[in-house]
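One file, structure.pdb, is given below (PDB, C-alpha atoms).
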```pdb
ATOM      1  CA  MET A  37      10.005  -3.240  11.495
ATOM      2  CA  LEU A  38      10.057   0.489  11.957
ATOM      3  CA  ASN A  39      11.361   1.693  15.290
ATOM      4  CA  PRO A  40       8.173   2.966  17.041
ATOM      5  CA  ASP A  41      10.176   5.695  18.773
ATOM      6  CA  SER A  42      10.650   7.393  15.398
ATOM      7  CA  VAL A  43       6.924   8.160  14.964
ATOM      8  CA  GLY A  44       6.320  11.883  15.389
ATOM      9  CA  ARG A  45       9.961  12.714  14.917
ATOM     10  CA  THR A  46      11.175  15.217  12.342
ATOM     11  CA  PHE A  47      14.463  14.577  10.608
ATOM     12  CA  LYS A  48      16.224  17.508   9.021
ATOM     13  CA  GLY A  49      18.098  16.651   5.847
ATOM     14  CA  ALA A  50      21.751  17.601   5.942
ATOM     15  CA  GLU A  51      21.915  18.590   2.301
ATOM     16  CA  THR A  52      20.929  21.727   0.431
ATOM     17  CA  ILE A  53      19.468  20.760  -2.938
ATOM     18  CA  THR A  54      19.611  23.275  -5.763
ATOM     19  CA  VAL A  55      17.162  22.835  -8.631
ATOM     20  CA  SER A  56      18.639  23.170 -12.106
ATOM     21  CA  GLN A  57      16.878  24.220 -15.291
ATOM     22  CA  SER A  58      17.877  20.928 -16.924
ATOM     23  CA  GLN A  59      16.123  18.966 -14.168
ATOM     24  CA  ILE A  60      12.929  20.938 -14.763
ATOM     25  CA  ASP A  61      13.327  20.588 -18.547
ATOM     26  CA  SER A  62      13.697  16.806 -18.414
ATOM     27  CA  PHE A  63      10.788  16.363 -15.991
ATOM     28  CA  ALA A  64       8.551  18.605 -18.117
ATOM     29  CA  SER A  65       9.634  16.869 -21.321
ATOM     30  CA  VAL A  66       8.458  13.450 -20.092
ATOM     31  CA  LEU A  67       4.993  14.914 -19.566
ATOM     32  CA  GLY A  68       4.906  16.790 -22.872
ATOM     33  CA  GLU A  69       4.906  20.021 -20.875
ATOM     34  CA  THR A  70       6.297  23.019 -22.751
ATOM     35  CA  GLN A  71       6.148  25.438 -19.797
ATOM     36  CA  THR A  72       9.597  25.301 -18.186
ATOM     37  CA  ASP A  73       9.923  28.655 -16.376
ATOM     38  CA  ILE A  74       8.481  26.823 -13.372
ATOM     39  CA  ALA A  75       8.377  23.119 -12.549
ATOM     40  CA  PRO A  76       5.324  20.865 -13.010
ATOM     41  CA  PRO A  77       3.324  20.438  -9.769
ATOM     42  CA  THR A  78       4.680  16.984  -8.889
ATOM     43  CA  PHE A  79       8.351  17.852  -9.533
ATOM     44  CA  SER A  80       9.092  18.121  -5.800
ATOM     45  CA  ILE A  81       8.724  14.337  -5.459
ATOM     46  CA  ARG A  82      12.188  13.901  -6.967
ATOM     47  CA  ILE A  83      13.592  15.716  -3.935
ATOM     48  CA  THR A  84      11.324  14.558  -1.127
ATOM     49  CA  LEU A  85      11.221  10.819  -1.900
ATOM     50  CA  ASN A  86      14.997  10.709  -2.101
ATOM     51  CA  GLN A  87      15.297  12.505   1.227
ATOM     52  CA  MET A  88      12.693  10.205   2.788
ATOM     53  CA  GLN A  89      14.597   7.172   1.577
ATOM     54  CA  LYS A  90      17.749   8.394   3.274
ATOM     55  CA  ILE A  91      15.949   9.151   6.507
ATOM     56  CA  LEU A  92      13.887   5.972   6.655
ATOM     57  CA  SER A  93      16.913   3.828   5.890
ATOM     58  CA  ASP A  94      18.668   5.373   8.901
ATOM     59  CA  SER A  95      19.522   2.728  11.468
ATOM     60  CA  ASP A  96      17.461   4.572  14.107
ATOM     61  CA  VAL A  97      14.315   4.266  11.971
ATOM     62  CA  ASN A  98      14.891   0.915  10.306
ATOM     63  CA  LEU A  99      12.264   0.794   7.558
ATOM     64  CA  ASP A 100      12.877  -1.823   4.857
ATOM     65  CA  TRP A 101      12.921   0.389   1.769
ATOM     66  CA  SER A 102      13.480  -2.573  -0.593
ATOM     67  CA  ARG A 103       9.971  -4.005  -0.114
ATOM     68  CA  LEU A 104       8.198  -0.705  -0.196
ATOM     69  CA  VAL A 105       5.334   0.433  -2.418
ATOM     70  CA  HIS A 106       3.817   3.880  -2.705
ATOM     71  CA  GLY A 107       0.288   3.913  -1.278
ATOM     72  CA  ASP A 108      -0.781   7.491  -1.742
ATOM     73  CA  GLN A 109       0.630  10.928  -2.311
ATOM     74  CA  ARG A 110      -0.488  14.473  -1.612
ATOM     75  CA  PHE A 111       1.029  17.888  -2.281
ATOM     76  CA  GLU A 112       0.370  21.359  -0.918
ATOM     77  CA  ILE A 113       2.144  23.876  -3.119
ATOM     78  CA  ASN A 114       2.633  27.372  -1.712
ATOM     79  CA  ARG A 115       4.486  28.542  -4.781
ATOM     80  CA  PRO A 116       5.915  26.864  -7.888
ATOM     81  CA  ILE A 117       9.510  25.597  -7.909
ATOM     82  CA  LYS A 118      11.896  27.286 -10.334
ATOM     83  CA  ALA A 119      15.492  26.806 -11.411
ATOM     84  CA  GLY A 120      17.965  28.149  -8.883
ATOM     85  CA  ASP A 121      15.777  27.377  -5.875
ATOM     86  CA  SER A 122      17.837  25.891  -3.056
ATOM     87  CA  PHE A 123      15.981  23.706  -0.617
ATOM     88  CA  THR A 124      16.503  22.043   2.668
ATOM     89  CA  CYS A 125      14.154  19.154   3.321
ATOM     90  CA  SER A 126      12.726  17.916   6.562
ATOM     91  CA  SER A 127      10.851  14.644   6.872
ATOM     92  CA  THR A 128       8.391  13.851   9.642
ATOM     93  CA  ILE A 129       7.089  10.375  10.347
ATOM     94  CA  GLU A 130       3.453  11.325  10.949
ATOM     95  CA  SER A 131       1.851   7.936  11.420
ATOM     96  CA  TYR A 132       2.630   4.242  11.482
ATOM     97  CA  ARG A 133       0.507   1.131  11.719
ATOM     98  CA  VAL A 134       0.697  -2.539  10.859
ATOM     99  CA  ALA A 135      -2.198  -4.130   8.953
ATOM    100  CA  ALA A 136      -2.190  -7.784   7.855
ATOM    101  CA  GLY A 137       1.555  -7.819   8.378
ATOM    102  CA  ASN A 138       2.097  -4.812   6.102
ATOM    103  CA  GLU A 139       3.758  -1.778   7.634
ATOM    104  CA  ILE A 140       2.025   1.458   6.643
ATOM    105  CA  VAL A 141       3.881   4.685   7.304
ATOM    106  CA  THR A 142       2.960   8.231   6.361
ATOM    107  CA  VAL A 143       5.856  10.626   5.959
ATOM    108  CA  ARG A 144       5.529  14.361   5.509
ATOM    109  CA  GLY A 145       8.261  16.078   3.527
ATOM    110  CA  ASP A 146       8.681  19.854   3.727
ATOM    111  CA  LEU A 147      10.830  21.806   1.302
ATOM    112  CA  PHE A 148      12.177  25.052   2.689
ATOM    113  CA  SER A 149      13.907  27.864   0.852
ATOM    114  CA  GLY A 150      15.466  29.647   3.826
ATOM    115  CA  ASN A 151      12.502  30.043   6.186
ATOM    116  CA  GLU A 152       9.925  29.889   3.387
ATOM    117  CA  LEU A 153       7.919  26.657   3.258
ATOM    118  CA  VAL A 154       7.527  26.161  -0.505
ATOM    119  CA  VAL A 155       5.985  22.693  -0.813
ATOM    120  CA  SER A 156       4.692  20.094   1.630
ATOM    121  CA  THR A 157       4.270  16.507   0.520
ATOM    122  CA  TRP A 158       2.666  13.554   2.256
ATOM    123  CA  SER A 159       3.620  10.057   1.132
ATOM    124  CA  THR A 160       2.055   6.895   2.458
ATOM    125  CA  LEU A 161       4.493   4.055   2.023
ATOM    126  CA  VAL A 162       3.627   0.396   2.473
ATOM    127  CA  VAL A 163       6.211  -2.230   3.320
ATOM    128  CA  ARG A 164       4.711  -5.461   2.080
ATOM    129  CA  ALA A 165       4.729  -8.458   4.379
TER     130      ALA A 165
ATOM    131  CA  MET B 278     -20.223  30.307 -11.187
ATOM    132  CA  VAL B 279     -16.914  31.880 -11.977
ATOM    133  CA  ASP B 280     -15.393  32.963 -15.209
ATOM    134  CA  PHE B 281     -12.335  30.739 -15.496
ATOM    135  CA  GLY B 282      -9.882  31.369 -18.264
ATOM    136  CA  GLY B 283     -12.064  33.851 -20.070
ATOM    137  CA  ALA B 284     -14.592  31.839 -22.007
ATOM    138  CA  ARG B 285     -15.444  28.848 -19.857
ATOM    139  CA  MET B 286     -18.138  29.062 -17.213
ATOM    140  CA  ILE B 287     -17.475  26.600 -14.422
ATOM    141  CA  GLU B 288     -19.902  25.371 -11.794
ATOM    142  CA  VAL B 289     -20.158  22.408  -9.456
ATOM    143  CA  GLY B 290     -20.849  19.307 -11.516
ATOM    144  CA  THR B 291     -19.222  20.588 -14.698
ATOM    145  CA  VAL B 292     -17.526  17.623 -16.383
ATOM    146  CA  LEU B 293     -14.214  18.373 -18.088
ATOM    147  CA  PRO B 294     -13.306  16.731 -21.393
ATOM    148  CA  GLU B 295     -11.688  13.315 -21.214
ATOM    149  CA  ARG B 296      -8.114  12.975 -22.417
ATOM    150  CA  VAL B 297      -6.039   9.895 -23.200
ATOM    151  CA  PHE B 298      -2.285   9.728 -22.494
ATOM    152  CA  GLU B 299      -0.178   6.887 -23.868
ATOM    153  CA  ILE B 300       2.346   5.104 -21.651
ATOM    154  CA  ASP B 301       5.030   2.769 -22.958
ATOM    155  CA  ARG B 302       8.356   1.391 -21.711
ATOM    156  CA  GLU B 303      10.249   4.316 -23.268
ATOM    157  CA  LEU B 304       8.217   6.762 -21.205
ATOM    158  CA  LEU B 305       8.948   4.754 -18.045
ATOM    159  CA  PHE B 306      12.662   4.904 -18.853
ATOM    160  CA  ALA B 307      12.472   8.660 -19.426
ATOM    161  CA  TYR B 308      10.513   9.211 -16.214
ATOM    162  CA  ALA B 309      12.968   7.088 -14.227
ATOM    163  CA  ASN B 310      15.790   9.353 -15.377
ATOM    164  CA  ALA B 311      13.847  12.574 -14.890
ATOM    165  CA  SER B 312      12.606  11.648 -11.412
ATOM    166  CA  GLY B 313      15.562   9.646 -10.134
ATOM    167  CA  ASP B 314      13.271   6.706  -9.321
ATOM    168  CA  GLN B 315      15.202   3.776 -10.771
ATOM    169  CA  ASN B 316      13.207   1.026  -9.050
ATOM    170  CA  PRO B 317      13.562  -1.991 -11.406
ATOM    171  CA  ILE B 318       9.845  -2.869 -11.167
ATOM    172  CA  HIS B 319       9.350   0.010 -13.634
ATOM    173  CA  GLN B 320      11.904  -1.171 -16.193
ATOM    174  CA  ASN B 321      12.917  -4.800 -15.761
ATOM    175  CA  GLU B 322      10.247  -7.377 -16.608
ATOM    176  CA  GLU B 323      12.131 -10.307 -15.109
ATOM    177  CA  PHE B 324      12.526  -8.436 -11.837
ATOM    178  CA  ALA B 325       8.884  -7.293 -11.815
ATOM    179  CA  LEU B 326       7.664 -10.887 -12.288
ATOM    180  CA  SER B 327      10.057 -12.118  -9.582
ATOM    181  CA  VAL B 328       8.394  -9.876  -6.992
ATOM    182  CA  GLY B 329       4.911 -11.039  -7.944
ATOM    183  CA  LEU B 330       3.829  -8.275 -10.302
ATOM    184  CA  PRO B 331       1.931  -9.154 -13.507
ATOM    185  CA  ASN B 332       4.485  -7.250 -15.634
ATOM    186  CA  VAL B 333       6.461  -4.014 -15.567
ATOM    187  CA  ILE B 334       4.314  -1.318 -13.953
ATOM    188  CA  ALA B 335       4.388   2.446 -14.367
ATOM    189  CA  HIS B 336       5.632   4.621 -11.524
ATOM    190  CA  GLY B 337       2.586   5.748  -9.551
ATOM    191  CA  MET B 338       4.143   9.191  -9.610
ATOM    192  CA  LEU B 339       4.314   9.130 -13.430
ATOM    193  CA  THR B 340       0.599   8.399 -13.509
ATOM    194  CA  MET B 341       0.015  11.229 -11.086
ATOM    195  CA  ALA B 342       2.300  13.585 -13.036
ATOM    196  CA  LEU B 343       0.316  12.942 -16.234
ATOM    197  CA  VAL B 344      -2.940  13.620 -14.392
ATOM    198  CA  GLY B 345      -1.223  16.805 -13.175
ATOM    199  CA  LYS B 346      -0.530  17.699 -16.801
ATOM    200  CA  TYR B 347      -4.234  17.232 -17.563
ATOM    201  CA  VAL B 348      -5.076  19.617 -14.706
ATOM    202  CA  THR B 349      -2.503  22.289 -15.566
ATOM    203  CA  ASP B 350      -3.478  22.273 -19.252
ATOM    204  CA  TRP B 351      -7.066  22.899 -18.279
ATOM    205  CA  ALA B 352      -6.327  25.422 -15.543
ATOM    206  CA  GLY B 353      -3.800  27.488 -17.474
ATOM    207  CA  GLY B 354      -0.320  26.458 -16.407
ATOM    208  CA  SER B 355       1.802  24.796 -13.761
ATOM    209  CA  ALA B 356       1.366  27.625 -11.238
ATOM    210  CA  SER B 357      -2.372  26.961 -10.967
ATOM    211  CA  VAL B 358      -2.145  23.798  -8.854
ATOM    212  CA  LYS B 359      -2.287  24.470  -5.094
ATOM    213  CA  GLU B 360      -3.169  21.016  -3.799
ATOM    214  CA  PHE B 361      -3.016  17.633  -5.468
ATOM    215  CA  GLY B 362      -3.499  14.176  -4.026
ATOM    216  CA  ALA B 363      -4.279  10.609  -5.036
ATOM    217  CA  ARG B 364      -4.219   7.035  -3.831
ATOM    218  CA  PHE B 365      -2.491   4.410  -5.976
ATOM    219  CA  VAL B 366      -5.174   1.726  -6.063
ATOM    220  CA  LYS B 367      -4.037  -0.415  -9.035
ATOM    221  CA  PRO B 368      -0.863  -0.334 -11.109
ATOM    222  CA  VAL B 369      -0.703   0.741 -14.748
ATOM    223  CA  ILE B 370       0.630  -2.415 -16.416
ATOM    224  CA  VAL B 371       3.018  -1.762 -19.298
ATOM    225  CA  PRO B 372       3.892  -4.818 -21.434
ATOM    226  CA  ALA B 373       6.894  -4.631 -23.752
ATOM    227  CA  GLY B 374       6.269  -3.141 -27.175
ATOM    228  CA  GLN B 375       2.830  -1.831 -26.272
ATOM    229  CA  LYS B 376       1.314   1.554 -25.631
ATOM    230  CA  VAL B 377      -1.244   1.454 -22.841
ATOM    231  CA  ASP B 378      -3.764   4.167 -22.144
ATOM    232  CA  LEU B 379      -4.109   6.462 -19.196
ATOM    233  CA  THR B 380      -7.586   7.933 -19.549
ATOM    234  CA  VAL B 381      -8.208  11.014 -17.433
ATOM    235  CA  SER B 382     -11.308  13.045 -16.746
ATOM    236  CA  ALA B 383     -12.506  15.405 -14.044
ATOM    237  CA  THR B 384     -15.581  16.882 -12.446
ATOM    238  CA  VAL B 385     -15.799  20.230 -10.674
ATOM    239  CA  ALA B 386     -16.470  19.410  -7.015
ATOM    240  CA  GLU B 387     -16.377  22.866  -5.432
ATOM    241  CA  VAL B 388     -16.041  26.488  -6.465
ATOM    242  CA  ASP B 389     -14.862  28.925  -3.789
ATOM    243  CA  GLY B 390     -14.068  32.297  -5.304
ATOM    244  CA  ASP B 391     -11.230  31.656  -7.724
ATOM    245  CA  ARG B 392     -10.349  28.313  -6.112
ATOM    246  CA  ILE B 393     -11.775  25.280  -7.874
ATOM    247  CA  SER B 394     -11.669  21.726  -6.530
ATOM    248  CA  LEU B 395     -11.629  18.940  -9.082
ATOM    249  CA  THR B 396     -12.427  15.285  -8.551
ATOM    250  CA  LEU B 397     -10.201  13.359 -10.937
ATOM    251  CA  SER B 398     -10.657   9.987 -12.593
ATOM    252  CA  ALA B 399      -7.793   7.933 -14.056
ATOM    253  CA  THR B 400      -8.135   4.509 -15.647
ATOM    254  CA  SER B 401      -5.896   2.218 -17.697
ATOM    255  CA  ALA B 402      -7.280  -0.668 -19.748
ATOM    256  CA  GLY B 403     -10.633   0.092 -18.121
ATOM    257  CA  VAL B 404      -9.263  -0.341 -14.585
ATOM    258  CA  LYS B 405      -9.347   2.518 -12.081
ATOM    259  CA  VAL B 406      -5.721   3.224 -11.146
ATOM    260  CA  LEU B 407      -6.065   6.276  -8.894
ATOM    261  CA  GLY B 408      -8.511   6.627  -6.032
ATOM    262  CA  MET B 409      -9.560   9.717  -4.072
ATOM    263  CA  ALA B 410      -7.811  11.832  -6.705
ATOM    264  CA  LYS B 411      -8.354  15.539  -6.164
ATOM    265  CA  ALA B 412      -6.763  18.795  -7.135
ATOM    266  CA  VAL B 413      -7.349  22.374  -6.036
ATOM    267  CA  VAL B 414      -6.518  24.966  -8.665
ATOM    268  CA  GLN B 415      -6.442  28.724  -8.557
ATOM    269  CA  LYS B 416      -5.797  31.310 -11.195
TER     270      LYS B 416
END
```
Go through the file and emit its structure as structure tokens.
Amino acid sequence: MLNPDSVGRTFKGAETITVSQSQIDSFASVLGETQTDIAPPTFSIRITLNQMQKILSDSDVNLDWSRLVHGDQRFEINRPIKAGDSFTCSSTIESYRVAAGNEIVTVRGDLFSGNELVVSTWSTLVVRA
Amino acid sequence: MVDFGGARMIEVGTVLPERVFEIDRELLFAYANASGDQNPIHQNEEFALSVGLPNVIAHGMLTMALVGKYVTDWAGGSASVKEFGARFVKPVIVPAGQKVDLTVSATVAEVDGDRISLTLSATSAGVKVLGMAKAVVQK
């Protein structure tokens, strides 16, 4: 079970993640997208979900990532991501509830380039009973 | 009404043309590598069955990314999407050796200056796979 004290907390990722052109190219290629000067709109998920996994697996938070399914996903995109962007990521546990034994947690992920908030993502994750 | 992309006149209720994407195991493998999501439920049939799934299922985020492609193709490029959200209501089931459909369509829900809200529909094998799917695009 998730530690209830972690709800409302924001965890700042320790890493700086730099986006490469080859990452954008391979993501675009899967979708049949030929525009590669900027990333497709859902590209940021490859950064934020990974960061969320690290944070939620933290012993202070204690979410069981292995039984987790993705319930919903939302993006707010202030500007497109391009190769060479370097991001820090913060994750905030916005809400948590238990329904029929399933744990339902909504995590916001914010990607910052310096002080610029580039993309915000909201992921609802369900840990199945 | 606004003039969007030159020739097309868009107003609330305008229905955009339906498009069909094909999803197979190769695409799941490619998406796993491109996204870093190597969860075995998207690649390993034995594992998927062992956790109670009917078969290998597509990444919800692959489904959403393809719907994103539908939106950006219509709206004129990847920079056009400002907001995008969906609920994963049913999985896209991808049996070995088969190509399954992801059928996408959209309706204009709101026009506010150059910002257009779309209500999106996505089905596979006739089953609705995304719920509450919406995008806001801007030129």
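Comparing B:Gly362, B:Pro317, B:Pro294, B:Pro331 by their smallest distance to A:Thr160, the closest is B:Gly362 (using only C-alpha atoms).
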Once the PyMOL selection byres ((chain B) within 6 of (chain A)) has been applied to the shown file, what residues remain in the selection, as a PyMOL selection string? chain B and resi 311-312+342+355-356+359-365
Please dump the current selection as a PDB file, keeping the file's coordinate frame; keep C-alpha atoms.
```
ATOM      1  CA  ALA B 311      13.847  12.574 -14.890  1.00  0.00           C
ATOM      2  CA  SER B 312      12.606  11.648 -11.412  1.00  0.00           C
ATOM      3  CA  ALA B 342       2.300  13.585 -13.036  1.00  0.00           C
ATOM      4  CA  SER B 355       1.802  24.796 -13.761  1.00  0.00           C
ATOM      5  CA  ALA B 356       1.366  27.625 -11.238  1.00  0.00           C
ATOM      6  CA  LYS B 359      -2.287  24.470  -5.094  1.00  0.00           C
ATOM      7  CA  GLU B 360      -3.169  21.016  -3.799  1.00  0.00           C
ATOM      8  CA  PHE B 361      -3.016  17.633  -5.468  1.00  0.00           C
ATOM      9  CA  GLY B 362      -3.499  14.176  -4.026  1.00  0.00           C
ATOM     10  CA  ALA B 363      -4.279  10.609  -5.036  1.00  0.00           C
ATOM     11  CA  ARG B 364      -4.219   7.035  -3.831  1.00  0.00           C
ATOM     12  CA  PHE B 365      -2.491   4.410  -5.976  1.00  0.00           C
TER      13      PHE B 365
END
```
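The spacing separating atom CA of A:Ile129 from atom CA of A:Glu152 amounts to 20.9 Å.
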Between atom CA of B:Val404 and atom CA of B:Tyr347 - distance in Å to one decimal: 18.5 Å
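When only C-alpha atoms are used to compute distances to A:Met88, the closest of the residues A:Arg164, A:Arg144, A:Lys118, A:Arg45 turns out to be A:Arg144.
Here atom CA of B:Ile334 is placed at a distance of 11.4 Å from atom CA of B:Ser401.
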Restricting the calculation to only C-alpha atoms, which member of A:Val97, A:Ala135, A:Ile53, A:Ile140 is positioned closest to A:Phe123? A:Ile53
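Checking A:Thr52, A:Ser149, A:Thr142, A:Ser122 one by one against A:Val162, counting only C-alpha atoms, you find the shortest gap at A:Thr142.
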